[in-house]
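A.B. asks: Below you'll find protein22.txt; it's compact mmCIF, C-alpha atoms and all ligand atoms.
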# COMPACT_ATOMS: atom_id res chain seq x y z
CA MET A 1 13.28 -6.64 10.52
CA SER A 2 16.24 -7.84 12.55
CA ALA A 3 15.22 -6.38 15.91
CA SER A 4 16.41 -7.80 19.19
CA LEU A 5 13.80 -10.04 20.80
CA SER A 6 14.15 -8.19 24.09
CA ARG A 7 12.57 -5.01 22.66
CA PRO A 8 8.78 -4.97 22.27
CA ARG A 9 8.01 -5.37 18.59
CA VAL A 10 4.98 -4.07 16.74
CA GLY A 11 3.20 -5.80 13.87
CA VAL A 12 2.04 -4.01 10.73
CA TRP A 13 -0.63 -6.14 9.05
CA LEU A 14 -1.15 -4.87 5.50
CA ILE A 15 -4.39 -5.60 3.65
CA GLY A 16 -3.22 -5.64 0.02
CA ALA A 17 0.22 -6.81 1.20
CA ARG A 18 1.47 -7.68 -2.30
CA GLY A 19 0.55 -4.34 -3.90
CA SER A 20 2.89 -1.52 -4.93
CA VAL A 21 2.35 0.62 -1.83
CA ALA A 22 2.80 -2.37 0.51
CA THR A 23 5.96 -3.54 -1.30
CA THR A 24 7.43 -0.04 -1.10
CA VAL A 25 6.53 0.15 2.61
CA VAL A 26 8.34 -3.11 3.45
CA THR A 27 11.35 -2.29 1.24
CA GLY A 28 11.59 1.31 2.47
CA CYS A 29 11.27 0.41 6.14
CA ALA A 30 14.11 -2.11 5.88
CA ALA A 31 16.28 0.25 3.83
CA VAL A 32 15.84 3.21 6.19
CA ALA A 33 16.24 1.03 9.31
CA ALA A 34 19.52 -0.29 7.88
CA GLY A 35 20.74 3.25 7.18
CA LEU A 36 20.82 2.67 3.41
CA HIS A 37 18.59 5.70 2.78
CA PRO A 38 17.56 8.78 4.79
CA PRO A 39 13.92 8.85 5.98
CA THR A 40 12.85 11.46 3.40
CA GLY A 41 9.08 12.02 3.54
CA MET A 42 8.64 10.47 7.00
CA VAL A 43 7.21 13.16 9.27
CA THR A 44 7.63 10.92 12.33
CA GLU A 45 11.40 11.06 11.84
CA THR A 46 11.43 14.86 12.35
CA PRO A 47 12.49 16.32 15.74
CA ALA A 48 8.89 16.99 16.89
CA PHE A 49 8.42 13.22 17.35
CA THR A 50 11.73 12.37 18.98
CA ASP A 51 10.34 11.59 22.45
CA SER A 52 6.82 10.53 21.49
CA GLY A 53 7.53 6.86 22.22
CA LEU A 54 6.94 5.68 18.64
CA PRO A 55 8.10 2.16 17.79
CA ALA A 56 11.46 2.10 15.99
CA LEU A 57 11.41 1.16 12.31
CA SER A 58 13.66 -1.80 13.16
CA ASP A 59 10.98 -3.05 15.59
CA LEU A 60 8.22 -3.28 12.96
CA VAL A 61 7.27 -6.77 11.74
CA PHE A 62 5.24 -7.05 8.52
CA GLY A 63 2.55 -9.46 7.41
CA GLY A 64 -0.83 -9.21 5.74
CA HIS A 65 -3.53 -10.47 3.42
CA ASP A 66 -3.68 -10.45 -0.37
CA THR A 67 -5.66 -12.23 -3.04
CA VAL A 68 -2.73 -12.64 -5.48
CA ASP A 69 0.40 -14.71 -4.99
CA CYS A 70 3.20 -12.74 -6.72
CA PRO A 71 6.05 -12.89 -4.14
CA LEU A 72 7.15 -9.59 -2.62
CA PRO A 73 10.77 -9.84 -3.92
CA LYS A 74 9.36 -10.32 -7.43
CA HIS A 75 7.07 -7.28 -7.14
CA ALA A 76 10.02 -5.29 -5.76
CA GLU A 77 11.96 -6.24 -8.90
CA THR A 78 9.16 -4.90 -11.09
CA LEU A 79 9.06 -1.67 -9.08
CA THR A 80 12.84 -1.37 -9.48
CA ALA A 81 12.55 -1.82 -13.25
CA GLY A 82 9.89 0.91 -13.26
CA GLY A 83 12.15 3.31 -11.37
CA VAL A 84 9.89 3.34 -8.28
CA LEU A 85 12.59 1.71 -6.13
CA PRO A 86 16.21 2.80 -6.58
CA PRO A 87 18.57 0.20 -8.09
CA GLY A 88 20.03 -2.25 -5.60
CA VAL A 89 17.76 -1.53 -2.64
CA ALA A 90 15.40 -4.50 -3.15
CA THR A 91 18.39 -6.83 -3.36
CA ALA A 92 19.94 -5.30 -0.26
CA VAL A 93 16.77 -5.98 1.77
CA ALA A 94 15.85 -9.30 0.11
CA ALA A 95 15.86 -11.09 3.49
CA GLU A 96 13.28 -8.66 4.93
CA LEU A 97 11.10 -8.94 1.81
CA THR A 98 11.21 -12.74 2.02
CA ALA A 99 10.38 -12.66 5.75
CA ALA A 100 7.35 -10.41 5.12
CA ASP A 101 6.29 -12.57 2.18
CA ARG A 102 6.15 -15.64 4.45
CA GLU A 103 3.65 -13.76 6.63
CA ILE A 104 1.14 -13.02 3.85
CA ARG A 105 -2.07 -15.07 4.06
CA PRO A 106 -4.75 -15.54 1.38
CA GLY A 107 -7.32 -12.75 1.54
CA GLY A 108 -10.83 -12.73 0.20
CA PRO A 109 -13.44 -12.98 -0.95
CA THR A 110 -11.96 -14.46 -4.13
CA PRO A 111 -14.20 -15.29 -7.11
CA GLY A 112 -16.28 -18.34 -6.23
CA ASP A 113 -15.50 -17.99 -2.49
CA THR A 114 -18.29 -19.85 -0.68
CA ARG A 115 -17.43 -18.57 2.80
CA SER A 116 -20.03 -16.43 4.55
CA GLU A 117 -19.17 -12.91 5.77
CA ALA A 118 -18.93 -14.23 9.34
CA GLU A 119 -16.55 -16.99 8.24
CA LEU A 120 -14.33 -14.52 6.35
CA ILE A 121 -14.12 -12.19 9.36
CA THR A 122 -13.23 -15.12 11.62
CA ALA A 123 -10.58 -16.41 9.19
CA PHE A 124 -8.99 -12.95 8.81
CA ALA A 125 -9.01 -12.31 12.58
CA ASP A 126 -7.46 -15.74 13.23
CA ASP A 127 -4.64 -14.97 10.78
CA ILE A 128 -3.89 -11.67 12.53
CA ARG A 129 -4.01 -13.20 16.02
CA ASP A 130 -1.75 -16.04 14.91
CA PHE A 131 0.77 -13.49 13.53
CA VAL A 132 0.79 -11.53 16.80
CA HIS A 133 1.11 -14.71 18.84
CA ARG A 134 3.89 -16.39 16.83
CA HIS A 135 6.05 -13.26 16.77
CA GLU A 136 5.26 -12.39 20.39
CA LEU A 137 4.28 -8.90 19.27
CA GLU A 138 3.26 -6.27 21.76
CA ARG A 139 0.48 -5.20 19.39
CA ALA A 140 -0.28 -5.03 15.66
CA VAL A 141 -1.81 -2.27 13.54
CA VAL A 142 -3.97 -3.29 10.58
CA VAL A 143 -3.47 -0.99 7.57
CA ASN A 144 -5.67 -1.19 4.48
CA VAL A 145 -3.63 -0.62 1.29
CA ALA A 146 -5.75 -2.90 -0.92
CA SER A 147 -7.27 -1.96 -4.28
CA THR A 148 -9.96 0.74 -4.08
CA GLU A 149 -13.46 -0.75 -4.00
CA PRO A 150 -16.48 0.65 -5.81
CA ALA A 151 -18.52 3.07 -3.66
CA SER A 152 -21.09 1.45 -1.34
CA GLN A 153 -24.22 -0.07 -2.85
CA GLY A 154 -26.45 1.05 0.05
CA PRO A 155 -27.35 -0.28 3.50
CA ASP A 156 -28.84 -3.60 2.29
CA ALA A 157 -25.84 -4.63 0.20
CA SER A 158 -23.39 -7.20 1.49
CA LEU A 159 -20.46 -5.88 3.52
CA PRO A 160 -17.56 -4.70 1.31
CA PRO A 161 -14.29 -6.64 1.78
CA SER A 162 -12.64 -3.58 3.39
CA THR A 163 -15.32 -3.66 6.10
CA LEU A 164 -14.84 -7.41 6.65
CA TYR A 165 -11.15 -6.69 7.26
CA ALA A 166 -11.94 -3.73 9.53
CA LEU A 167 -14.24 -5.97 11.60
CA ALA A 168 -11.51 -8.64 11.69
CA ALA A 169 -9.05 -6.03 13.01
CA LEU A 170 -11.47 -5.15 15.82
CA ARG A 171 -12.09 -8.84 16.54
CA ALA A 172 -8.32 -9.37 16.86
CA GLY A 173 -8.06 -6.32 19.17
CA CYS A 174 -6.01 -4.28 16.69
CA PRO A 175 -6.08 -0.56 15.88
CA TYR A 176 -6.89 0.11 12.23
CA VAL A 177 -5.83 2.56 9.51
CA ASN A 178 -7.64 2.91 6.17
CA PHE A 179 -5.21 4.35 3.61
CA THR A 180 -7.75 3.84 0.78
CA PRO A 181 -11.08 5.48 -0.07
CA SER A 182 -12.88 2.13 0.50
CA GLU A 183 -15.52 2.01 3.19
CA GLY A 184 -13.67 0.00 5.87
CA MET A 185 -14.55 1.38 9.30
CA HIS A 186 -16.91 3.98 7.73
CA HIS A 187 -19.57 1.32 7.21
CA PRO A 188 -22.24 1.75 9.93
CA VAL A 189 -21.82 -1.88 11.08
CA ALA A 190 -18.08 -1.40 11.62
CA ALA A 191 -18.51 2.08 13.09
CA ARG A 192 -20.82 0.64 15.77
CA GLU A 193 -18.35 -2.14 16.56
CA ALA A 194 -15.46 0.32 16.67
CA GLU A 195 -17.29 2.41 19.22
CA ARG A 196 -17.80 -0.64 21.42
CA SER A 197 -14.25 -1.90 21.00
CA GLY A 198 -12.45 1.07 22.56
CA LEU A 199 -9.76 0.76 19.85
CA PRO A 200 -8.29 3.74 17.99
CA TYR A 201 -8.65 3.99 14.21
CA ALA A 202 -7.71 6.43 11.45
CA GLY A 203 -8.53 7.11 7.79
CA ARG A 204 -9.39 7.46 5.12
CA ASP A 205 -7.55 7.70 1.80
CA GLY A 206 -3.97 8.89 2.03
CA LYS A 207 -3.40 12.47 0.91
CA THR A 208 -0.26 12.28 -1.21
CA GLY A 209 -0.48 14.52 -4.30
CA GLN A 210 -3.28 16.52 -5.85
CA THR A 211 -5.34 16.68 -2.65
CA LEU A 212 -2.27 17.57 -0.60
CA LEU A 213 -1.78 20.57 -2.88
CA ARG A 214 -5.50 21.44 -2.70
CA SER A 215 -5.37 21.44 1.12
CA VAL A 216 -2.70 24.15 0.90
CA LEU A 217 -4.11 26.21 -1.99
CA GLY A 218 -7.77 26.12 -0.85
CA PRO A 219 -7.01 27.99 2.41
CA MET A 220 -4.79 30.44 0.48
CA PHE A 221 -7.66 31.53 -1.77
CA ALA A 222 -10.04 31.74 1.20
CA GLN A 223 -7.60 33.71 3.38
CA ARG A 224 -6.80 36.18 0.56
CA ALA A 225 -10.57 36.69 -0.03
CA LEU A 226 -10.22 35.64 -3.68
CA THR A 227 -13.33 34.08 -5.24
CA VAL A 228 -12.73 30.67 -6.76
CA ARG A 229 -15.13 30.23 -9.67
CA ALA A 230 -14.11 26.79 -10.90
CA TRP A 231 -11.59 24.14 -9.86
CA SER A 232 -11.04 21.31 -12.35
CA GLY A 233 -8.61 18.45 -12.09
CA THR A 234 -7.35 15.60 -14.22
CA ASN A 235 -5.15 12.70 -13.13
CA LEU A 236 -3.25 10.31 -15.40
CA LEU A 237 -1.84 7.18 -13.80
CA GLY A 238 -1.20 3.49 -14.46
CA GLY A 239 -0.24 0.60 -12.16
CA GLY A 240 -2.77 -1.45 -10.18
CA ASP A 241 -4.30 1.71 -8.74
CA GLY A 242 -4.83 3.19 -12.24
CA ALA A 243 -6.53 -0.03 -13.37
CA ALA A 244 -8.79 -0.16 -10.27
CA LEU A 245 -9.74 3.50 -10.67
CA ALA A 246 -10.71 2.96 -14.33
CA ASP A 247 -13.95 1.62 -12.80
CA PRO A 248 -16.14 4.74 -12.50
CA ALA A 249 -17.61 3.53 -9.18
CA ALA A 250 -14.12 3.20 -7.65
CA ALA A 251 -13.07 6.58 -9.08
CA ALA A 252 -16.22 8.13 -7.57
CA ALA A 253 -15.06 7.05 -4.08
CA LYS A 254 -11.63 8.64 -4.68
CA ASN A 255 -12.94 11.87 -6.22
CA ALA A 256 -15.40 12.48 -3.37
CA GLY A 257 -12.43 12.97 -1.01
CA LYS A 258 -10.60 15.23 -3.49
CA GLU A 259 -13.66 17.46 -3.79
CA ARG A 260 -14.48 17.49 -0.07
CA VAL A 261 -11.26 19.33 0.71
CA LEU A 262 -12.31 22.17 -1.63
CA THR A 263 -15.78 22.51 -0.15
CA ASP A 264 -14.37 22.51 3.38
CA THR A 265 -11.55 24.98 2.80
CA LEU A 266 -13.37 27.37 0.43
CA GLY A 267 -16.71 27.24 2.24
CA THR A 268 -18.52 26.59 -1.08
CA THR A 269 -18.30 23.94 -3.78
CA PRO A 270 -16.76 25.50 -6.91
CA GLU A 271 -17.76 24.49 -10.42
CA GLY A 272 -15.59 21.84 -12.05
CA GLU A 273 -14.91 18.13 -11.85
CA THR A 274 -12.04 15.79 -11.12
CA HIS A 275 -11.20 12.96 -13.52
CA ILE A 276 -8.90 9.96 -13.25
CA ASP A 277 -7.62 8.35 -16.46
CA ASP A 278 -5.89 4.96 -16.49
CA VAL A 279 -2.72 5.20 -18.60
CA PRO A 280 -0.96 1.82 -18.10
CA ALA A 281 2.24 3.06 -19.79
CA LEU A 282 2.80 5.46 -16.86
CA GLY A 283 2.94 2.66 -14.27
CA ASP A 284 3.18 4.12 -10.77
CA TRP A 285 3.96 7.63 -12.04
CA LYS A 286 1.10 10.06 -11.78
CA THR A 287 0.50 13.42 -13.43
CA ALA A 288 -2.17 15.58 -11.81
CA TRP A 289 -3.27 18.89 -13.34
CA ASP A 290 -5.40 21.43 -11.59
CA HIS A 291 -6.96 24.42 -13.35
CA ILE A 292 -8.32 27.04 -10.95
CA ALA A 293 -10.35 29.96 -12.31
CA PHE A 294 -10.71 32.76 -9.77
CA ASP A 295 -11.81 36.39 -9.48
CA GLY A 296 -9.60 39.12 -8.09
CA PHE A 297 -10.33 42.77 -7.18
CA LEU A 298 -13.19 44.31 -9.19
CA GLY A 299 -13.93 40.88 -10.65
CA THR A 300 -10.71 40.64 -12.66
CA ARG A 301 -10.55 37.07 -13.97
CA MET A 302 -7.41 35.04 -13.37
CA VAL A 303 -6.25 31.43 -13.57
CA LEU A 304 -3.78 29.29 -11.62
CA GLN A 305 -2.65 26.00 -13.15
CA THR A 306 -0.56 23.40 -11.35
CA THR A 307 1.16 20.22 -12.58
CA TRP A 308 2.12 17.56 -10.04
CA GLN A 309 4.28 14.68 -11.29
CA GLY A 310 4.78 12.13 -8.58
CA CYS A 311 5.60 8.51 -7.97
CA ASP A 312 2.54 7.26 -6.14
CA SER A 313 4.07 4.50 -4.02
CA ALA A 314 7.09 6.61 -3.04
CA LEU A 315 4.68 9.30 -1.85
CA ALA A 316 2.44 6.85 0.01
CA ALA A 317 4.97 4.54 1.72
CA PRO A 318 6.46 7.01 4.24
CA LEU A 319 2.94 8.06 5.25
CA VAL A 320 1.91 4.44 5.82
CA LEU A 321 4.95 3.98 8.06
CA ASP A 322 4.14 7.20 9.95
CA LEU A 323 0.53 6.10 10.42
CA ALA A 324 1.43 2.61 11.60
CA ARG A 325 3.82 4.03 14.22
CA LEU A 326 1.47 6.79 15.40
CA THR A 327 -1.55 4.49 15.63
CA ALA A 328 0.44 1.82 17.49
CA ARG A 329 1.60 4.45 19.97
CA ALA A 330 -1.94 5.86 20.33
CA HIS A 331 -3.13 2.33 21.18
CA GLU A 332 -0.36 1.93 23.72
CA ALA A 333 -1.29 5.29 25.29
CA GLY A 334 -4.89 4.07 25.71
CA LEU A 335 -6.50 6.36 23.11
CA SER A 336 -9.69 5.15 21.45
CA GLY A 337 -12.10 6.10 18.69
CA PRO A 338 -11.36 8.18 15.57
CA LEU A 339 -7.86 9.71 15.65
CA ASP A 340 -8.81 13.08 14.15
CA ALA A 341 -5.32 14.45 14.94
CA LEU A 342 -4.09 12.31 12.02
CA ALA A 343 -6.22 14.29 9.49
CA PHE A 344 -2.91 15.65 8.10
CA TYR A 345 -2.51 12.33 6.30
CA PHE A 346 -5.98 11.88 4.77
CA LYS A 347 -8.27 13.19 2.04
CA ASP A 348 -11.42 12.35 4.00
CA PRO A 349 -10.43 12.35 7.68
CA VAL A 350 -12.43 10.62 10.40
CA GLY A 351 -13.83 12.61 13.31
CA ASP A 352 -13.93 16.35 13.56
CA ALA A 353 -10.87 17.82 11.86
CA PRO A 354 -9.96 20.98 9.93
CA SER A 355 -9.30 20.57 6.17
CA GLY A 356 -6.40 23.01 5.73
CA LEU A 357 -2.93 21.41 5.85
CA ALA A 358 -1.42 24.05 8.15
CA GLU A 359 -4.05 23.50 10.87
CA GLN A 360 -3.79 19.76 10.40
CA TYR A 361 -0.03 19.92 10.87
CA GLU A 362 -0.45 21.91 14.09
CA ALA A 363 -2.93 19.32 15.36
CA LEU A 364 -0.45 16.54 14.52
CA ILE A 365 2.36 18.27 16.41
CA ARG A 366 0.08 18.76 19.44
CA PHE A 367 -0.72 15.05 19.19
CA ALA A 368 3.02 14.24 19.26
CA GLY A 369 3.17 16.21 22.52
CA ARG A 370 0.26 14.26 24.00
CA LEU A 371 1.88 10.97 23.08
CA ARG A 372 5.01 12.18 24.84
CA GLU A 373 2.94 12.92 27.95
CA GLY A 374 1.22 9.56 27.65
CA GLU A 375 4.58 7.87 27.87
CA ALA A 376 5.01 9.17 31.43
CA GLY A 377 2.35 6.56 32.31
CA GLU A 378 -1.19 7.02 33.53
CA GLY A 379 -0.17 6.86 37.21
CA ALA A 380 2.48 9.55 36.87
CA ALA A 381 0.16 11.76 34.86
CA GLU A 382 -2.63 11.40 37.40
CA ARG A 383 -0.30 12.36 40.21
CA GLU A 384 0.70 15.41 38.20
CA ASP A 385 -2.98 16.27 37.50
CA ALA A 386 -3.77 16.08 41.19
CA ALA A 387 -0.85 18.38 41.92
CA HIS A 388 -1.81 20.95 39.27
CA GLY A 389 -5.58 20.44 39.20
CA ALA A 390 -5.33 19.98 35.43
CA ALA A 391 -6.81 17.47 33.03
CA HIS A 392 -4.49 14.83 31.58
CA PRO A 393 -3.75 15.72 27.96
CA ALA A 394 -3.70 12.07 26.85
CA ARG A 395 -7.19 11.62 28.28
CA GLU A 396 -8.38 14.80 26.54
CA ALA A 397 -6.97 13.41 23.32
CA ARG A 398 -9.10 10.29 23.59
CA GLY A 399 -11.66 10.11 20.83
CA THR A 400 -15.29 10.54 21.68
CA GLY A 401 -16.20 7.37 19.86
CA ASP A 402 -18.38 9.46 17.54
CA ARG A 403 -19.38 7.76 14.35
CA PRO A 404 -17.10 8.74 11.49
N1 LIG B 501 -0.14 7.72 -3.51
C1 LIG B 501 -0.69 6.53 -3.44
O1 LIG B 501 -0.12 5.55 -3.87
C2 LIG B 501 -2.03 6.37 -2.77
C3 LIG B 501 -2.64 7.47 -2.18
C4 LIG B 501 -3.86 7.30 -1.55
C5 LIG B 501 -4.46 6.05 -1.55
N2 LIG B 501 -3.86 5.00 -2.14
C6 LIG B 501 -4.58 3.72 -2.16
O2 LIG B 501 -3.74 2.65 -1.75
C7 LIG B 501 -4.23 1.45 -2.33
C8 LIG B 501 -3.08 0.63 -2.86
O3 LIG B 501 -2.50 1.25 -3.99
P1 LIG B 501 -1.42 0.43 -4.85
O4 LIG B 501 -0.85 1.37 -5.84
O5 LIG B 501 -0.51 -0.32 -3.96
O6 LIG B 501 -2.37 -0.61 -5.63
P2 LIG B 501 -1.99 -2.06 -6.13
O7 LIG B 501 -3.03 -2.43 -7.13
O8 LIG B 501 -0.57 -2.14 -6.52
O9 LIG B 501 -2.17 -2.98 -4.83
C9 LIG B 501 -3.39 -3.35 -4.28
C10 LIG B 501 -3.28 -4.77 -3.73
O10 LIG B 501 -4.54 -5.09 -3.09
C11 LIG B 501 -4.80 -6.46 -3.34
N3 LIG B 501 -6.21 -6.77 -3.08
C12 LIG B 501 -7.29 -6.53 -3.85
N4 LIG B 501 -8.41 -7.01 -3.27
C13 LIG B 501 -8.03 -7.56 -2.09
C14 LIG B 501 -8.73 -8.21 -1.05
N5 LIG B 501 -10.04 -8.39 -1.07
N6 LIG B 501 -8.01 -8.66 0.00
C15 LIG B 501 -6.67 -8.48 0.06
N7 LIG B 501 -5.96 -7.87 -0.89
C16 LIG B 501 -6.63 -7.41 -1.96
C17 LIG B 501 -4.38 -6.63 -4.80
O11 LIG B 501 -4.20 -8.01 -5.12
C18 LIG B 501 -3.07 -5.83 -4.84
O12 LIG B 501 -1.95 -6.64 -4.55
C19 LIG B 501 -5.27 1.86 -3.38
O13 LIG B 501 -6.58 1.69 -2.85
C20 LIG B 501 -4.99 3.32 -3.56
O14 LIG B 501 -6.12 4.06 -3.99
C21 LIG B 501 -2.65 5.13 -2.76
Translate the structure described by the file into structure tokens.
Ligand SMILES: NC(=O)c1ccc[n+]([C@@H]2O[C@H](COP(=O)([O-])OP(=O)(O)OC[C@H]3O[C@@H](n4cnc5c(N)ncnc54)[C@H](O)[C@@H]3O)[C@@H](O)[C@H]2O)c1

C.D. replies:
Amino acid sequence: MSASLSRPRVGVWLIGARGSVATTVVTGCAAVAAGLHPPTGMVTETPAFTDSGLPALSDLVFGGHDTVDCPLPKHAETLTAGGVLPPGVATAVAAELTAADREIRPGGPTPGDTRSEAELITAFADDIRDFVHRHELERAVVVNVASTEPASQGPDASLPPSTLYALAALRAGCPYVNFTPSEGMHHPVAAREAERSGLPYAGRDGKTGQTLLRSVLGPMFAQRALTVRAWSGTNLLGGGDGAALADPAAAAAKNAGKERVLTDTLGTTPEGETHIDDVPALGDWKTAWDHIAFDGFLGTRMVLQTTWQGCDSALAAPLVLDLARLTARAHEAGLSGPLDALAFYFKDPVGDAPSGLAEQYEALIRFAGRLREGEAGEGAAEREDAAHGAAHPAREARGTGDRP
């Protein structure tokens, strides 16, 4: 980004920095900051967030880790050919893509990597610290957008890479966002460290399509007192995510979040399963079908079917930008622990959050208000508290440090 050096700049350190979501994030941020495209899909660009003190898109600086070496401009070309990025935009922001590409460091563990877990954490944390230092950043948010890992192998297994990165983020003093279903900060070792660190974190697994729809429809059935008998879903997608989710263990991690939203909003777990099929020909374009069998008055049987056809990275990128800005601002305001007010963005939110989208949106808007208050500064807020005998909303918003 071409921000003036006099303004405090904020780093966004992407784990999986050469993937489709990451490439769309870097391209989209530059394109919107330059006024080439409107910020469609970015909730933080709506009026409710105007005075919340969020970092400007032009003040975000990108870097990250990846285990492959395909340059970002090259991946952006592939996404353009696939219709994920509009024609011309990757060329228009080539300088920003090249700048971000220079800040991508080798991730791990790679096959045959002989480094211990402790060595990997140290190496990752050093890379992040070096990035913050060289760019004189005010702070950096670490965001996991790497390939989905298989579900945990149990407490005695080695730490999954996502948890090594989460621990590295804490070591480097950075807030952390897990946009994937991987374990990350959910691992008990990381959860303990997070509690000690006093840093804010959010996750997990961005809610962009089928689950977004479920978090709206689930409450509708519950509120109308209709009995859902079965809820079945199928997803067809390609791209790197489709390939990773062809592994049943990785798909299990993803589907757990999709099903949790039904149990939480309906109050019971309906019959039916969710499947993910890898269809490489579809690339980043996903089709998600839901088939919902429900009972109406006097047991009359009915069915609702939905078809969602979305472009995965175009759905995810604005949310990643929102999350990076909100989490950076939460860190600046002194918030710590799980940011449950960001549940709006996730399939499997940390902390104690409602599962229905409408309540989650209300919580997010209240959070925007608290961030606005936080910007008045702790001293000013305390003086106000003393005058009104009230608690400071930013302090109330602080997480309890509860385990996720
Ligand atoms: N709508 C969405 O796109 C959406 C929604 C929710 C969650 N997600 C999650 O976001 C993630 C990224 O999706 P994508 O489509 O960009 O996938 P992708 O396959 O295009 O990108 C993933 C990147 O992670 C890298 N990677 C793998 N292991 C790594 C490691 N150990 N260290 C560093 N980098 C590593 C890969 O090399 C790749 O470049 C996936 O986990 C996906 O499930 C996406």

A.B. asks: Find the residues around Gly63 in chain A up to 6 Å (all atoms listed in the file counted), leave out those fewer than 4 positions away in its own chain, and share them as an MDAnalysis selection string.

C.D. replies: chainID A and resid 13 100 103:104

A.B. asks: Could you check the closest approach to Glu271 in chain A for each of A:Thr227, A:Thr211, A:Thr110, A:Asn178 and tell me which residue wins, using all atoms listed in the file?

C.D. replies: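 Closest to Glu271 in chain A of all the choices is A:Thr227.
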
A.B. asks: Residues near range 140-144 of chain A, anyone? I mean within 7 Å using all atoms listed in the file, not counting same-chain ones fewer than 5 positions away, as a ChimeraX atom specification.

C.D. replies: /A:10-16,132,169,174-180,324,328

A.B. asks: Using only the atoms of ligand LIG 501 (chain B) listed in the file, plus 3 Å on each side, state the axis-aligned box centre and edge lengths in Å rounded to one decimal, as JSON.

C.D. replies:
{"center_x": -5.1, "center_y": -0.5, "center_z": -3.5, "size_x": 15.9, "size_y": 22.4, "size_z": 13.2}

A.B. asks: Per residue of range 51-102 of chain A within 10 Å of range 306-320 of chain A, what are the shortest atom pair and its distance in Å to one decimal, counting all atoms listed in the file, with rows by chain and residue number, as a tab-separated table?

C.D. replies:
residue	atom	partner	partner_atom	distance
A:Leu79	CA	A:Ser313	CA	9.4
A:Gly83	CA	A:Cys311	CA	9.0
A:Val84	CA	A:Cys311	CA	6.7
A:Leu85	CA	A:Ala314	CA	8.0

A.B. asks: List as a PyMOL selection string the protein and nucleic acid residues lying within 8 Å of ligand LIG 501 (chain B), with only C-alpha atoms and all ligand atoms counted.

C.D. replies: chain A and resi 15-23+65-68+106-110+144-149+161-162+179-182+205-209+239-245+254+284+311-317

A.B. asks: Excluding Leu164 in chain A and residues on its chain fewer than 3 positions from it, collect all residues at most 8 Å away from it, counting only C-alpha atoms, and give them as a PyMOL selection string.

C.D. replies: chain A and resi 117+120-121+159-161+167-168+184

A.B. asks: Could you work out how far CA of Leu217 in chain A lies from CA of Leu339 in chain A, giving the answer in Å with one decimal?

C.D. replies: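 A separation of 24.4 Å between them.
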
A.B. asks: Using all atoms listed in the file, which of A:Pro73, A:Pro219, A:Gly233, A:Pro188 sits nearest Asp264 in chain A?

C.D. replies: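 Of the candidates, the smallest distance to Asp264 in chain A is held by A:Pro219.
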